[in-house]
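J.: A single structure is presented below for examination.
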Amino acid sequence: MRSSCAIAGVVASAALLVVPRAAAQTGPAQTPGAASPPAQGWSLRLEPAFPATPVSSPPPAAATKNGFVWDNRPGIRYGDWFTLDVRALLEGDVRSADPDLTGEGATFEWSRRRAGIQGTVTKYVEYEVDYGFDAANEESAELRDAYVDVSPAAFARVRGGKFKIPFGYERLTGPRNLDFVYRSRVSDSLTPGRSVGVMAHGRAFSRLVRYAVGVFTDGGDQPPDLEPVESLPDEQPEEEGRTWAARATVAPLRLTSLPGKYNNLEVGGAFTSGTVPEGRNHLQGETAFGGEFFDRQYYTKGPRTRFGLELSWAIGPASIAAEYIVSREAREGQGVGNEGQIDNDLPEIEGRGWYVAGTWVVTGENRDGGVNVKRPLLQGGFGAVEVAARFEKLRFASAGAPAEPPSRSPRAANIAGNADRAWTLGVNWYVNRWVKVRFNAINEQLDDPEMGPAPGSSSLWTMVTQFGIGF
Amino acid sequence: MTGRRWLAGVMLLTVVCADAGTVSAQTADDLFNDQAVQRIDLYVNTRDWYWLRTRFTANDYYPANMKWNGTTVTNVALRVRGAGSRLDAKPALRVDFNRYAAGRTFLGLTSIALNNGAQDPSGLRELLTMKTYRAMGLPAPRMAPVALYVNNAYLGLYNAIEEIDEAFVARAYGEDTGHLFEYRWSDYYHFEYLGSALEPYAALYEPKTRVTESMGALYLPIEAMIRTINDASDEAFAAAVSAYTNLPDFMRLVAVQAAIGEADGLLGNWGLSNHFLYRPNQSTLHRFIPWDASSSLRALDYPLHAGHEENVLMRRALKIPSLKTAYYTTLVETAALFDRTEGPSVPDQPAPGWLEREAARLRDLVRPAAYADRAKPYTNEEFEAGAEEVLAFARIRGAFVRWEAARRFAPGAGPIY
């Protein structure tokens with residue numbers, strides 16, 4: 001099964017390697033060897049949208065044509081009144097790990113299989129619907145994004161539906177624009193993901209400032225599920241409370257006279273506040289290697305807050321990005337008690353992590369606005385090659401300094417914490433505007449390997465090559 | 001009735017408080033000191049305590065803090081234990097100190113059991129039985145009566161028992177690296193050979209240490225022991241079986257069990273029952289450790305030859321004169337212990353023996369806690385009647401053992417039909 005999937009992926013990749021020539025025949029005339037038009041699907045924007053990719057302006061030929069068009073992707077256009085683009089993404093990972101937990105050696109899995117539509121209705125309304133499978137839920141596809149965005153003005157837009165809660169630079173970056181195969185541990189573990197809600201957002205002062213403020217029905221799909229405790233007789237089951245989120249970024253160098261390709265430094269902060277029902281529902285730490293290093297075994301109840309800081313900057317062919325995120329989850333009434341108080345409150349569970357990442361496009365393409373491949377493979381070139389590195393740390397522990405020794409008791413005041421430090425070295429090959437190959441070598445070090453996926457092994461290696469096709 | 005409960009509560013408080021001042025003593029011997037009713041407090045989240053009692057047939061663990069003698073042990077793990085003694089109102093409990101922190105101990109113990117006395121209205125039988133084993137020099141768990149409080153409310157009278165685990169075998173045998181098994185009763189079994197496949201032996205003996213080892217490493221020596229017990233010739237029996245168990249030690253244990261009237265032990269009415277097996281590392285020698293003795297000290301005339309014919313090991317061992325003598329000698333020795341008096345004897349005034357004195361002392365000690373125990377599955381009158389049964393047994397059992405042992409097992413004694 002795995003091998004047949006791999007073969008299917010390779011065949012699909014080969015097909016898309018050939019597509020550029022066919023597409024060129026129907027698209028606008030190109031000079032051989034000239035740069036391709038901006039590949040919207042692959043552009044790594046240092047101004048991540050809230051949260052998904054905005055609809056691009058159609059190329060001149062498509063803009064003037066009504067009905068079915070096929071430029072970067074298939075679509076339908078009726079002037080400025082209606083546009084619809086079909087989007088798809090197929091990514092497969094070949095992965096091996098040391099120690100080899102499964103004993104299967106290198107394995108293949110589809111990490112993302114997604115399809116969707118997005119477009120506009122007049123110039124005031126945007127929409128997107130995205131559906132797909134992920135590695136985490138291979139058995140059934142799920143509706144990922146489904147929202148409508150109304151924009152009477154750039155500084156005052158309103159989005160409603162299901163979409164990403166505005167928190168975390170890397171979380172809000174779409175999978176095709178990630179610099180690494182996997183998001184950082186802190187993004188994976190501490191950011192909230194998608195939920196149903198409504199959000200005001202916009203930008204002001206010539207993109208100097210961006211903001212988003214929203215309220216959502218729950219805490220998001222990261223972590224994916226909750227396990228409320230079984231109700232006692234005459235006790236009403238608790239439900240997850242609403243989550244409020246806010247995020248703002250500033251691009252201070254826009255106030256300077258630096259050239260445009262250098263002034264896109266963006267710094268920002270974000271905050272979420274929600275309520276978690278009683279149960280073993282705290283955020284958990286997972287390794288890139290697979291498996292948990294801090295699993296959900298402690299009872300939580302009450303407010304969950306997150307606070308994040310972020311920085312991103314593209315400087316010519318290079319870029320840097322960094323985030324620092326802290327989560328706190330209350331444990332109201334979750335203690336075992338003492339002489340003075342039964343069911344006492346426990347110190348919060350704190351998740352704290354950060355990463356610093358850098359990239360450099362060896363073949364010289366600018367990072368600002370995304371890596372636009374100058375010389376695609378089979379079109380007179382080899383594509384674009386980028387190297388990347390990231391260092392990160394994520395730690396879970398009790399907040400404060402409880403006096404008792406650390407324990408794995410689900411009601412311990414001082415929980416047995418754990419931390420994961422990881423190095424990632426990567427090479428990204430942008431074959432053309434649709435095809436991208438990423439190779440990552442990841443080394444992780446756990447503070448307490450006994451709580452990790454390979455007890456006794458504090459050093460975990462993961463090698464992963466990802467083949468991706470998207471439009 | 002209310003007045004009696006109030007009085008019982010005051011008496012209980014007095015007994016418990018009498019021991020509360022000894023804060024400096026912090027050893028396992030202090031915890032298992034049966035000269036006082038030990039007060040143990042458990043703090044359990046209200047939700048967990050509800051589900052523990054509701055699901056008292058399950059072995060689910062719940063976190064708790066335990067306080068004893070001024071010391072609080074945080075993050076212990078509780079579960080309901082026992083088989084026929086499981087009650088929702090007054091669950092028998094196991095307290096693990098190392099479940100949430102590997103290698104952790106309290107007073108050198110990795111866990112203790114808190115027995116609810118569900119099968120013994122007097123609450124004395126197991127205390128006296130284990131005390132007898134220890135007095136006879138046999139490795140046996142230490143015990144003490146306990147007034148158990150949960151979330152600051154008195155739950156009832158319990159007995160704290162030292163669990164049979166690595167800490168116990170280290171104390172008893174000086175090392176703890178071997179294989180420890182708990183016998184799991186499922187049907188009448190008397191050491192019959194079950195064949196060369198290891199699964200039947202695995203069903204009988206559950207490993208408590210080195211649990212991840214292969215079936216062969218765990219059970220081949222047990223299979224070999226039982227095969228030898230059954231297949232060795234009469235001439236070679238002692239030498240062959242001695243490679244797998246110490247026969248004089250076995251005879252001593254079953255003799256004490258017979259003397260104390262243990263009806264649910266190695267030679268009990270239900271076949272093999274209530275014991276652990278310990279095999280030191282790199283050894284084939286198995287040692288028997290007694291456990292759970294709530295069925296002893298009942299029938300005053302409990303026969304000393306009960307189970308001898310049914311049990312293959314006992315039947316064949318008794319054919320060896322030296323082992324039969326060892327059995328007889330131990331019976332007489334145990335009877336002497338039962339009847340050992342204190343101080344000079346007074347003519348025409350029979351002084352109570354050791355077993356009777358201990359039974360009376362413990363009855364008086366636990367009475368307030370037993371009376372205040374509103375969760376116990378019997379009445380105060382049943383407590384008194386049960387205690388009186390134990391005292392009656394203690395008074396005359398020594399004489400019965402001496403008489404019966406002499407006519408059945410003394411050198412030269414013939415068979416009795």
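Just remember, in the structure tokens the first chain shown is A, the second B, etc., residues are 1-based per chain, and ligands are 1-based in the order shown.
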Using only C-alpha atoms, find which residues of chain A lie within 8 Å of chain B and jot them down as number ranges by chain.
T.: A: 232, 334-339, 342-343, 404, 406-412
J.: So which residues touch Asn281 (chain A) within 7 Å, counting only C-alpha atoms, skipping near sequence neighbours fewer than 5 positions away, as a ChimeraX atom specification?
T.: /A:226-227,296,299-300
J.: Running DSSP on the backbone, which parts of region 160-315 of chain A land in strand (DSSP E or B), as a short mmCIF file (atom, residue, chain, number, x, y, z; two decimals) with N, CA and C atoms, in the first residue's frame?
T.:
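Result went into result21.cif, see below:
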```cif
data_model
loop_
_atom_site.label_atom_id
_atom_site.label_comp_id
_atom_site.auth_asym_id
_atom_site.auth_seq_id
_atom_site.Cartn_x
_atom_site.Cartn_y
_atom_site.Cartn_z
N GLY A 160 -15.78 35.40 8.58
CA GLY A 160 -16.60 34.49 9.36
C GLY A 160 -16.55 33.09 8.77
N GLY A 161 -16.60 32.09 9.62
CA GLY A 161 -16.57 30.70 9.16
C GLY A 161 -15.52 29.92 9.93
N LYS A 162 -14.95 28.92 9.25
CA LYS A 162 -13.91 28.12 9.88
C LYS A 162 -12.57 28.48 9.26
N PHE A 163 -11.64 28.85 10.07
CA PHE A 163 -10.33 29.26 9.58
C PHE A 163 -9.35 29.25 10.75
N LYS A 164 -8.11 29.59 10.48
CA LYS A 164 -7.09 29.53 11.53
C LYS A 164 -7.26 30.69 12.51
N ARG A 194 -7.28 25.66 13.72
CA ARG A 194 -8.52 26.19 13.15
C ARG A 194 -9.69 26.10 14.11
N SER A 195 -10.64 27.02 13.91
CA SER A 195 -11.89 26.94 14.65
C SER A 195 -12.94 27.74 13.88
N VAL A 196 -14.15 27.64 14.36
CA VAL A 196 -15.25 28.40 13.77
C VAL A 196 -15.41 29.69 14.55
N GLY A 197 -15.44 30.80 13.84
CA GLY A 197 -15.55 32.06 14.56
C GLY A 197 -15.70 33.23 13.62
N VAL A 198 -15.56 34.39 14.20
CA VAL A 198 -15.64 35.62 13.43
C VAL A 198 -14.47 36.51 13.84
N MET A 199 -13.92 37.21 12.86
CA MET A 199 -12.69 37.94 13.13
C MET A 199 -12.69 39.25 12.36
N ALA A 200 -12.32 40.32 13.04
CA ALA A 200 -12.06 41.60 12.37
C ALA A 200 -10.57 41.68 12.12
N HIS A 201 -10.20 42.12 10.93
CA HIS A 201 -8.77 42.23 10.65
C HIS A 201 -8.55 43.27 9.56
N GLY A 202 -7.31 43.62 9.38
CA GLY A 202 -7.01 44.60 8.34
C GLY A 202 -5.59 45.10 8.46
N ARG A 203 -5.31 46.10 7.65
CA ARG A 203 -3.98 46.70 7.70
C ARG A 203 -4.15 48.20 7.58
N ALA A 204 -3.14 48.92 8.04
CA ALA A 204 -3.25 50.38 8.03
C ALA A 204 -1.88 51.00 7.85
N VAL A 209 1.09 48.50 9.81
CA VAL A 209 0.45 47.78 10.90
C VAL A 209 -0.57 46.81 10.35
N ARG A 210 -0.59 45.60 10.94
CA ARG A 210 -1.66 44.64 10.64
C ARG A 210 -2.26 44.19 11.96
N TYR A 211 -3.51 43.85 11.92
CA TYR A 211 -4.14 43.42 13.16
C TYR A 211 -5.21 42.38 12.86
N ALA A 212 -5.56 41.64 13.87
CA ALA A 212 -6.69 40.70 13.79
C ALA A 212 -7.20 40.47 15.21
N VAL A 213 -8.51 40.52 15.35
CA VAL A 213 -9.14 40.25 16.64
C VAL A 213 -10.35 39.37 16.37
N GLY A 214 -10.45 38.25 17.05
CA GLY A 214 -11.56 37.34 16.77
C GLY A 214 -12.04 36.59 17.98
N VAL A 215 -13.23 36.03 17.83
CA VAL A 215 -13.76 35.15 18.86
C VAL A 215 -14.20 33.86 18.19
N PHE A 216 -13.90 32.75 18.84
CA PHE A 216 -14.09 31.44 18.23
C PHE A 216 -14.86 30.53 19.19
N PRO A 228 -13.17 15.12 27.99
CA PRO A 228 -13.75 15.59 29.25
C PRO A 228 -13.93 14.42 30.22
N THR A 243 -12.97 31.01 22.66
CA THR A 243 -11.59 31.48 22.68
C THR A 243 -11.52 32.84 22.00
N TRP A 244 -10.90 33.75 22.68
CA TRP A 244 -10.63 35.07 22.11
C TRP A 244 -9.18 35.10 21.65
N ALA A 245 -8.97 35.77 20.53
CA ALA A 245 -7.60 35.84 20.00
C ALA A 245 -7.35 37.21 19.42
N ALA A 246 -6.13 37.66 19.56
CA ALA A 246 -5.73 38.95 18.97
C ALA A 246 -4.29 38.85 18.51
N ARG A 247 -4.01 39.48 17.42
CA ARG A 247 -2.64 39.47 16.89
C ARG A 247 -2.38 40.79 16.20
N ALA A 248 -1.20 41.31 16.36
CA ALA A 248 -0.82 42.56 15.67
C ALA A 248 0.63 42.47 15.26
N THR A 249 0.93 42.98 14.09
CA THR A 249 2.32 43.02 13.64
C THR A 249 2.63 44.43 13.16
N VAL A 250 3.90 44.76 13.25
CA VAL A 250 4.38 46.07 12.80
C VAL A 250 5.58 45.85 11.92
N GLU A 266 9.22 42.35 10.03
CA GLU A 266 7.92 42.43 10.69
C GLU A 266 8.04 41.81 12.08
N VAL A 267 7.60 42.54 13.09
CA VAL A 267 7.58 42.00 14.44
C VAL A 267 6.15 42.09 14.96
N GLY A 268 5.82 41.16 15.82
CA GLY A 268 4.44 41.16 16.28
C GLY A 268 4.25 40.38 17.55
N GLY A 269 3.03 40.45 18.02
CA GLY A 269 2.66 39.69 19.22
C GLY A 269 1.23 39.20 19.07
N ALA A 270 0.92 38.16 19.81
CA ALA A 270 -0.43 37.59 19.73
C ALA A 270 -0.81 37.03 21.09
N PHE A 271 -2.11 36.86 21.27
CA PHE A 271 -2.64 36.41 22.56
C PHE A 271 -3.92 35.64 22.32
N THR A 272 -4.11 34.56 23.05
CA THR A 272 -5.42 33.89 23.04
C THR A 272 -5.85 33.63 24.48
N SER A 273 -7.14 33.57 24.65
CA SER A 273 -7.68 33.26 25.96
C SER A 273 -8.93 32.41 25.78
N GLY A 274 -8.93 31.25 26.39
CA GLY A 274 -10.08 30.37 26.29
C GLY A 274 -10.28 29.59 27.57
N THR A 275 -11.18 28.65 27.53
CA THR A 275 -11.47 27.84 28.71
C THR A 275 -11.48 26.37 28.32
N VAL A 276 -10.80 25.59 29.10
CA VAL A 276 -10.71 24.15 28.82
C VAL A 276 -11.57 23.40 29.83
N PRO A 277 -12.42 22.48 29.36
CA PRO A 277 -13.23 21.72 30.31
C PRO A 277 -12.37 20.75 31.11
N GLU A 278 -12.92 20.30 32.23
CA GLU A 278 -12.18 19.39 33.10
C GLU A 278 -11.85 18.09 32.38
N GLY A 279 -10.63 17.68 32.50
CA GLY A 279 -10.20 16.44 31.86
C GLY A 279 -8.71 16.50 31.57
N GLY A 285 3.31 17.73 24.05
CA GLY A 285 4.51 17.90 23.25
C GLY A 285 4.78 16.67 22.42
N GLU A 286 4.95 16.88 21.13
CA GLU A 286 5.26 15.76 20.24
C GLU A 286 6.59 16.02 19.57
N GLU A 292 4.97 11.16 21.59
CA GLU A 292 4.94 12.28 22.52
C GLU A 292 6.12 12.25 23.48
N PHE A 293 6.58 13.44 23.81
CA PHE A 293 7.56 13.53 24.90
C PHE A 293 6.92 14.15 26.14
N PHE A 294 5.71 14.66 25.97
CA PHE A 294 4.94 15.17 27.12
C PHE A 294 3.48 14.90 26.78
N THR A 300 -6.72 19.07 33.76
CA THR A 300 -6.75 20.53 33.66
C THR A 300 -8.19 20.99 33.72
N LYS A 301 -8.36 22.23 34.10
CA LYS A 301 -9.70 22.83 34.10
C LYS A 301 -9.53 24.33 34.27
N GLY A 302 -10.22 25.07 33.41
CA GLY A 302 -10.19 26.52 33.56
C GLY A 302 -9.51 27.21 32.40
N PRO A 303 -9.04 28.41 32.62
CA PRO A 303 -8.50 29.22 31.52
C PRO A 303 -7.25 28.62 30.88
N ARG A 304 -7.20 28.77 29.59
CA ARG A 304 -5.98 28.47 28.83
C ARG A 304 -5.58 29.75 28.10
N THR A 305 -4.40 30.22 28.34
CA THR A 305 -3.93 31.43 27.66
C THR A 305 -2.66 31.13 26.90
N ARG A 306 -2.48 31.88 25.83
CA ARG A 306 -1.24 31.78 25.06
C ARG A 306 -0.75 33.19 24.81
N PHE A 307 0.55 33.34 24.77
CA PHE A 307 1.16 34.61 24.46
C PHE A 307 2.30 34.33 23.50
N GLY A 308 2.38 35.09 22.43
CA GLY A 308 3.42 34.83 21.44
C GLY A 308 4.08 36.09 20.92
N LEU A 309 5.36 35.99 20.64
CA LEU A 309 6.10 37.06 19.97
C LEU A 309 6.68 36.48 18.69
N GLU A 310 6.81 37.30 17.68
CA GLU A 310 7.32 36.79 16.40
C GLU A 310 8.13 37.84 15.68
N LEU A 311 9.00 37.35 14.83
CA LEU A 311 9.84 38.22 14.01
C LEU A 311 10.07 37.53 12.68
N SER A 312 10.02 38.28 11.61
CA SER A 312 10.36 37.71 10.30
C SER A 312 10.97 38.80 9.43
N TRP A 313 11.93 38.38 8.61
CA TRP A 313 12.64 39.38 7.79
C TRP A 313 13.27 38.66 6.61
N ALA A 314 13.00 39.17 5.45
CA ALA A 314 13.65 38.68 4.23
C ALA A 314 14.65 39.73 3.77
N ILE A 315 15.87 39.30 3.56
CA ILE A 315 16.92 40.23 3.13
C ILE A 315 17.52 39.66 1.86
#
```
J.: Between A:Gly468, A:Gly333, A:Pro252, A:Pro192, single out the one closest to Asp225 (chain A), counting only C-alpha atoms.
T.: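 Result for the nearest residue to Asp225 (chain A): A:Pro192.
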J.: Give me the residues within 9 Å of Ala351 (chain B) as a PyMOL selection string, counting only C-alpha atoms and dropping any in the same chain fewer than 2 places off.
T.: chain B and resi 339+341-343+345-346+349+353
J.: Could you please determine the separation between CA of Asp179 (chain A) and CA of Ala388 (chain A) in Å, to one decimal place?
T.: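 Atom-to-atom, CA of Asp179 (chain A) to CA of Ala388 (chain A), that is 7.1 Å.
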J.: What gap, in Å, lies between CA of Arg315 (chain B) and CA of Val241 (chain B)?
T.: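 Atom-to-atom, CA of Arg315 (chain B) to CA of Val241 (chain B), that is 13.3 Å.
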